[in-house]
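Colleague: The following block contains the structure, expressed as structure tokens.
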Amino acid sequence: MIISIASGKGGTGKTLVATSLALSLKDKHRVQLLDCDAEEPNDHIFLKPVITRKGAVCIQVPKVDEEKCTHCSQCAEVCAYNAIAVLLDRVLVFPELCHGCGACSYLCPEKAISEEGREIGVVEQGHSDGIEFVQGRLTIGEAMPTPVIRQVKEYANPDGLVIIDVPPGTSCPVVESIKDSHFCLLVTEPTPFGLNDLVLAVETVRELNIPLAVVLNRAGVGDKKVEEYCRKEDIPILLTIPLDTEIARLYSKGVTLVEGMPELRETFIGLWDKIREMVDERTRSLKR
Amino acid sequence: MKELVVLSGKGGTGKTSIVGSFAALAKNKVLTDCDVDAADLHLLLESVIKQKHEFWSGQVAVIDEEKCTRCGLCQELCHFEAIEDFRVDPPSCEGCGFCYRICPTEAITMEENLSGHWFISETKYGLLVHARLGIAQENSGKLVALVRQQAKEMAEKQGAAFIISDGPPGIGCPVISSLSGASLALLVTEPTLSGIHDLERVLGVCRHFGVPALVCINKHDINEENSRRIEDYCSEQRIEVAARIPFDNIVTEAMVKGLPVVEYGDSPVSREINLLWQNITRLLANN
């Protein structure tokens with residue numbers, strides 16, 4: 001089963017929930033934790049994994065053989081991203097604009113374009129205390145995390161339990177991370193910003209037709225409007241984590257919640273049981 | 001005219017609360033919210049939408065079932081795995097048009113894509129340009145560029161001294177688009193290991209694009225040891241730590257009231273943000 005942990009707003013506690021959920025379930029299940037926040041991956045800070053494999057993520061960018069090229073401009077015409085410009089006597093390629101779609105090389109009438117890999121990030125695989133760990137890391141200065149996320153997700157083995165830590169927001173990297181999940185947990189906080197971004201995240205996950213529930217972090221701060229919204233929208237709040245300076249202190253030091261407060265392990269196992277119930281219920285209703 | 005962009009790498013460090021306060025402190029400016037995925041700044045500014053515009057960007061492939069012979073060539077060639085069972089999954093489609101060009105029966109068309117909306121709002125503290133990217137849409141970078149362009153035009157028209165931008169989290173496309181060509185980046189961090197890790201990466205992006213940066217440590221007293229690490233790191237990197245804001249629940253209380261925290265009575269937080277703004281105006285005047 002694949003469960004993604006998302007939020008809309010950043011800094012609400014996705015990493016805190018993802019790492020503690022993984023640690024609480026590792027004795028009973030085969031657990032993989034995939035950190036898909038390739039722009040700012042943080043799970044490794046808490047899990048301190050041993051990295052055993054590291055691979056480059058490349059997108060295929062065009063390489064023009066000037067000997068064969070007749071400067072017909074076909075490549076520049078088919079490029080939707082303006083990544084190729086054909087001059088009278090040469091071709092200019094702008095690799096940072098290229099999405100790697102492959103149209104130019106396939107459609108070149110002279111077969112003058114080959115593809116070469118341009119590295120935009122890495123995927124690291126390893127393990128931490130019985131958890132299989134994979135993370136993506138976008139190279140600084142690169143704009144597109146989506147190919148990195150796609151490659152991280154190739155490691156997912158849905159026969160076990162896969163926990164995906166999703167980047168903040170609602171756009172393409174978020175959708176790439178969440179799609180194919182069986183369930184999505186949205187972590188939020190009871191503030192106007194938390195609510196505003198939760199509403200956007202709920203719309204996104206519903207668009208993908210994935211069942212969802214909420215984790216309310218820092219409960220006690222702010223107001224009651226997130227709870228009112230969830231009640232109105234019939235979204236269960238499966239876990240409430242109180243505003244607590246001890247929790248904030250543990251987080252600041254890179255200590256997971258269930259290591260710092262082992263008594264919470266049962267709470268996270270309970271969270272998993274509720275998720276499984278919801279997924280089972282959904283499967284039954286789809287069969288009917 | 002100077003453009004300040006507020007970034008953080010990590011989300012939830014306090015960018016929007018700080019920009020909301022700058023909105024109240026700065027005179028003669030235009031505000032932008034470059035977090036087009038999840039914009040929150042308007043919630044602090046008594047904002048009223050005056051103009052709403054559509055943002056059309058990119059294309060999406062559509063397969064005509066009648067004409068499709070199910071040859072499978074498009075599925076085989078699509079580099080984004082966006083076609084399955086002879087249907088396009090719009091969120092996966094990057095609009096390259098490769099399939100449209102190679103389809104032997106011309107069954108594929110490229111349709112223009114409504115990617116979102118952008119707004120000009122009047123707020124208690126001046127004009128705000130903001131946007132809402134459509135659900136599961138791409139091209140957030142282009143929408144950010146559009147928001148900045150509009151803000152620039154308005155700032156020129158009203159002879160504004162500043163554009164103040166609330167940036168998105170992360171280091172990718174929308175961050176690069178918010179940052180490139182700005183006069184100064186304020187990096188808001190917090191004394192957590194995640195905050196430090198993410199600060200280092202976003203500072204790398206500022207350097208990559210040649211934008212000078214300064215740092216503000218928010219909630220500095222939740223972990224003094226980590227705050228010292230940030231100070232040491234910044235001095236190594238020759239980056240000024242321009243403010244140290246203490247943790248105080250009044251930031252959330254002000255947010256609940258829909259007010260910038262500097263407008264919510266005198267407090268150590270609001271005094272520090274005041275000093276930070278003075279620091280920034282001094283730096284902007286010199287660079």
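Numbering starts fresh at 1 for the residues of each chain in the structure tokens, the chains themselves are lettered A, B, ... in the order given, and ligands are numbered from 1 as they appear.
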Go through stretch 33-197 of chain B and collect every residue that DSSP, computed from the backbone, puts in strand (DSSP E); the answer should be as a PyMOL selection string.
Modeller: chain B and resi 33+48-63+83-84+87-88+108-123+126-133+162-166+184-189
Colleague: List as a PyMOL selection string the protein and nucleic acid residues near B:Ala243, meaning an atom at most 9 Å away when only C-alpha atoms are counted, but skip any in the same chain fewer than 6 places from it.
Modeller: chain B and resi 215-218+272-273+275-276+279
Colleague: Could you make a table, as CSV, of the residues of chain A that have an atom within 7 Å of an atom of chain B, each with its nearest atom pair and distance in Å to one decimal, counting only C-alpha atoms, in chain and number order?
Modeller:
residue,atom,partner,partner_atom,distance
A:Gly8,CA,B:Ala38,CA,6.5
A:Lys9,CA,B:Ala38,CA,6.7
A:Gly10,CA,B:Gly11,CA,3.7
A:Gly11,CA,B:Gly12,CA,3.9
A:Thr12,CA,B:Gly12,CA,6.6
A:Glu39,CA,B:Gly170,CA,5.3
A:Glu40,CA,B:Asp198,CA,5.8
A:Asn42,CA,B:Ser194,CA,5.8
A:Ala80,CA,B:Cys96,CA,5.2
A:Cys101,CA,B:His79,CA,5.4
A:Ala103,CA,B:Phe98,CA,5.2
A:Ile140,CA,B:Val205,CA,5.8
A:Gly141,CA,B:Val205,CA,5.3
A:Glu142,CA,B:Gly172,CA,6.3
A:Ala143,CA,B:Cys173,CA,4.1
A:Met144,CA,B:Cys173,CA,6.1
A:Pro145,CA,B:Gly172,CA,6.7
A:Gly169,CA,B:Asp37,CA,5.1
A:Thr170,CA,B:Asp37,CA,5.4
A:Ser171,CA,B:Ala136,CA,4.7
A:Cys172,CA,B:Ala136,CA,5.4
A:Val175,CA,B:Ala136,CA,5.9
A:Thr191,CA,B:Val256,CA,6.5
A:Pro192,CA,B:Val256,CA,6.0
A:Phe193,CA,B:Asp40,CA,5.9
A:Asp197,CA,B:Ala38,CA,5.6
A:Thr204,CA,B:Ile135,CA,5.6
A:Gly222,CA,B:Thr252,CA,5.9
A:Asp223,CA,B:Val256,CA,6.9
A:Arg249,CA,B:Ile222,CA,6.7
A:Tyr251,CA,B:Thr192,CA,6.9
A:Ser252,CA,B:Thr192,CA,3.8
A:Lys253,CA,B:Leu193,CA,6.0
A:Gly254,CA,B:Leu193,CA,5.9
Colleague: Export, as a compact mmCIF listing (two decimals), in the first residue's frame, the selected residues with N, CA and C atoms.
Modeller:
# COMPACT_ATOMS: atom_id res chain seq x y z
N GLY A 8 0.02 21.07 1.32
CA GLY A 8 -0.30 22.41 0.86
C GLY A 8 0.68 23.40 1.45
N LYS A 9 0.44 23.81 2.70
CA LYS A 9 1.36 24.73 3.37
C LYS A 9 2.62 23.98 3.82
N GLY A 10 3.75 24.64 3.69
CA GLY A 10 4.99 24.04 4.16
C GLY A 10 5.13 24.18 5.67
N GLY A 11 5.96 23.34 6.25
CA GLY A 11 6.30 23.46 7.65
C GLY A 11 5.19 23.09 8.61
N THR A 12 4.23 22.26 8.16
CA THR A 12 3.15 21.87 9.06
C THR A 12 3.45 20.57 9.80
N GLU A 39 13.37 19.14 -3.64
CA GLU A 39 13.96 20.47 -3.51
C GLU A 39 14.60 20.64 -2.13
N GLU A 40 13.88 20.19 -1.13
CA GLU A 40 14.39 20.30 0.24
C GLU A 40 14.13 19.00 1.00
N ASN A 42 14.29 16.38 3.80
CA ASN A 42 14.68 16.50 5.21
C ASN A 42 14.60 15.19 5.99
N ALA A 80 8.65 22.74 -28.16
CA ALA A 80 7.62 23.55 -27.50
C ALA A 80 8.21 24.47 -26.44
N CYS A 101 11.77 15.92 -24.10
CA CYS A 101 10.63 15.19 -24.69
C CYS A 101 11.07 14.27 -25.83
N ALA A 103 11.32 14.98 -29.04
CA ALA A 103 10.71 15.23 -30.36
C ALA A 103 11.76 15.64 -31.39
N ILE A 140 21.22 22.17 -7.05
CA ILE A 140 20.98 23.60 -6.82
C ILE A 140 21.09 24.36 -8.14
N GLY A 141 20.10 25.18 -8.42
CA GLY A 141 20.09 25.95 -9.66
C GLY A 141 19.22 25.32 -10.74
N GLU A 142 18.82 24.04 -10.52
CA GLU A 142 17.93 23.37 -11.47
C GLU A 142 16.49 23.70 -11.13
N ALA A 143 15.63 23.73 -12.17
CA ALA A 143 14.25 24.17 -11.96
C ALA A 143 13.25 23.03 -11.82
N MET A 144 13.54 21.86 -12.41
CA MET A 144 12.49 20.84 -12.54
C MET A 144 12.69 19.62 -11.64
N PRO A 145 11.96 19.57 -10.52
CA PRO A 145 12.11 18.42 -9.64
C PRO A 145 11.35 17.17 -10.12
N GLY A 169 2.80 22.53 -1.38
CA GLY A 169 2.19 23.14 -2.56
C GLY A 169 1.09 22.28 -3.15
N THR A 170 0.70 22.61 -4.38
CA THR A 170 -0.39 21.88 -5.05
C THR A 170 -0.09 21.66 -6.53
N SER A 171 1.10 22.02 -7.00
CA SER A 171 1.35 21.97 -8.45
C SER A 171 1.99 20.65 -8.88
N CYS A 172 2.65 20.66 -10.05
CA CYS A 172 3.07 19.40 -10.65
C CYS A 172 3.95 18.50 -9.78
N VAL A 175 1.57 16.64 -7.45
CA VAL A 175 0.75 15.64 -8.14
C VAL A 175 1.58 14.42 -8.52
N THR A 191 -4.55 27.21 11.89
CA THR A 191 -4.38 28.65 11.69
C THR A 191 -5.04 29.03 10.37
N PRO A 192 -5.26 30.33 10.14
CA PRO A 192 -5.84 30.74 8.85
C PRO A 192 -5.00 30.28 7.65
N PHE A 193 -3.68 30.34 7.74
CA PHE A 193 -2.84 29.88 6.63
C PHE A 193 -2.99 28.36 6.46
N ASP A 197 -4.54 26.70 2.94
CA ASP A 197 -3.74 25.78 2.13
C ASP A 197 -4.28 24.36 2.21
N THR A 204 -6.89 19.33 -4.60
CA THR A 204 -5.93 18.62 -5.44
C THR A 204 -6.07 17.11 -5.28
N GLY A 222 -3.90 29.04 17.47
CA GLY A 222 -4.85 29.47 16.44
C GLY A 222 -6.32 29.35 16.80
N ASP A 223 -7.11 28.83 15.84
CA ASP A 223 -8.57 28.81 16.03
C ASP A 223 -9.16 27.43 15.71
N ARG A 249 11.22 21.08 20.38
CA ARG A 249 12.64 20.95 20.72
C ARG A 249 13.23 19.69 20.06
N TYR A 251 12.13 18.14 17.42
CA TYR A 251 12.18 18.36 15.98
C TYR A 251 13.40 19.20 15.60
N SER A 252 13.65 20.24 16.40
CA SER A 252 14.75 21.15 16.06
C SER A 252 16.09 20.43 16.09
N LYS A 253 16.18 19.37 16.93
CA LYS A 253 17.45 18.64 17.04
C LYS A 253 17.55 17.48 16.06
N GLY A 254 16.51 17.29 15.26
CA GLY A 254 16.54 16.19 14.30
C GLY A 254 16.23 14.84 14.93
Colleague: Atom CA of A:His127 and atom CA of A:Pro49, how far apart in Å?
Modeller: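 Distance reported for this atom pair: 5.2 Å.
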Colleague: Give me the residues near stretch 15-26 of chain A as a ChimeraX atom specification, where near means some atom within 7 Å (using only C-alpha atoms) and where sequence neighbours in that chain fewer than 4 positions away do not count.
Modeller: /A:5,30-31,33,42-43,130-131,163,165,256-258,265,268-269
Colleague: Could those residues be written to a file, using N, CA and C atoms, as an mmCIF file, in the first residue's frame?
Modeller:
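File written: part-v2.cif
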data_model
loop_
_atom_site.group_PDB
_atom_site.id
_atom_site.type_symbol
_atom_site.label_atom_id
_atom_site.label_comp_id
_atom_site.auth_asym_id
_atom_site.auth_seq_id
_atom_site.Cartn_x
_atom_site.Cartn_y
_atom_site.Cartn_z
ATOM 1 N N ILE A 5 2.110 11.606 2.326
ATOM 2 C CA ILE A 5 1.948 12.593 3.404
ATOM 3 C C ILE A 5 2.175 13.964 2.766
ATOM 4 N N ARG A 30 7.025 -4.522 6.028
ATOM 5 C CA ARG A 30 8.165 -4.082 5.232
ATOM 6 C C ARG A 30 7.896 -2.621 4.868
ATOM 7 N N VAL A 31 8.681 -1.697 5.405
ATOM 8 C CA VAL A 31 8.381 -0.273 5.226
ATOM 9 C C VAL A 31 9.433 0.399 4.339
ATOM 10 N N LEU A 33 10.394 4.293 2.994
ATOM 11 C CA LEU A 33 10.106 5.719 3.087
ATOM 12 C C LEU A 33 10.750 6.407 1.883
ATOM 13 N N ASN A 42 14.295 16.384 3.796
ATOM 14 C CA ASN A 42 14.679 16.499 5.213
ATOM 15 C C ASN A 42 14.600 15.191 5.993
ATOM 16 N N ASP A 43 13.974 14.173 5.422
ATOM 17 C CA ASP A 43 13.811 12.926 6.189
ATOM 18 C C ASP A 43 15.161 12.344 6.631
ATOM 19 N N GLY A 130 16.061 -0.719 9.751
ATOM 20 C CA GLY A 130 14.992 -1.601 9.256
ATOM 21 C C GLY A 130 14.037 -0.948 8.280
ATOM 22 N N ILE A 131 14.262 0.322 7.959
ATOM 23 C CA ILE A 131 13.412 1.001 6.978
ATOM 24 C C ILE A 131 14.210 1.156 5.679
ATOM 25 N N ILE A 163 5.670 4.769 2.286
ATOM 26 C CA ILE A 163 5.289 6.076 2.816
ATOM 27 C C ILE A 163 6.016 7.139 1.992
ATOM 28 N N ASP A 165 6.886 11.079 1.425
ATOM 29 C CA ASP A 165 6.907 12.443 1.950
ATOM 30 C C ASP A 165 6.852 13.381 0.739
ATOM 31 N N THR A 256 13.289 12.131 15.858
ATOM 32 C CA THR A 256 11.906 11.834 15.474
ATOM 33 C C THR A 256 11.022 11.816 16.721
ATOM 34 N N LEU A 257 9.747 12.054 16.501
ATOM 35 C CA LEU A 257 8.795 12.120 17.609
ATOM 36 C C LEU A 257 8.745 10.807 18.392
ATOM 37 N N VAL A 258 8.698 9.666 17.684
ATOM 38 C CA VAL A 258 8.549 8.395 18.415
ATOM 39 C C VAL A 258 9.843 7.948 19.092
ATOM 40 N N ARG A 265 4.388 5.757 19.989
ATOM 41 C CA ARG A 265 4.450 4.718 18.963
ATOM 42 C C ARG A 265 3.060 4.081 18.744
ATOM 43 N N PHE A 268 0.793 6.135 16.630
ATOM 44 C CA PHE A 268 1.038 6.052 15.186
ATOM 45 C C PHE A 268 0.573 4.711 14.620
ATOM 46 N N ILE A 269 0.690 3.646 15.430
ATOM 47 C CA ILE A 269 0.161 2.349 14.979
ATOM 48 C C ILE A 269 -1.365 2.473 14.832
#
Colleague: Between A:Ile2, A:Val152, A:Cys230, A:Ala76, which has the minimum distance to A:Cys108 (counting only C-alpha atoms)?
Modeller: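 The answer is A:Ala76, which sits nearest to A:Cys108.
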Colleague: Please, what distance in Å, to one decimal, runs between atom CA of A:Lys232 and atom CA of A:Asn196?
Modeller: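 So the answer is 14.9 Å.
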Colleague: Would you pick out the contacts of B:Met1 at 8 Å or less, using only C-alpha atoms, so that residues sharing its chain but fewer than 3 positions from it are not included, and give the list as a PDB file with C-alpha atoms, in the first residue's frame?
Modeller:
ATOM      1  CA  ALA B 155       5.283  50.091  -9.414  1.00  0.00           C
ATOM      2  CA  GLU B 156       6.650  52.128 -12.302  1.00  0.00           C
ATOM      3  CA  ALA B 160       6.955  53.072  -6.055  1.00  0.00           C
ATOM      4  CA  ALA B 161      10.253  52.704  -4.254  1.00  0.00           C
ATOM      5  CA  PHE B 162       9.897  48.976  -3.552  1.00  0.00           C
ATOM      6  CA  ILE B 163       8.416  45.744  -4.734  1.00  0.00           C
TER       7      ILE B 163
END
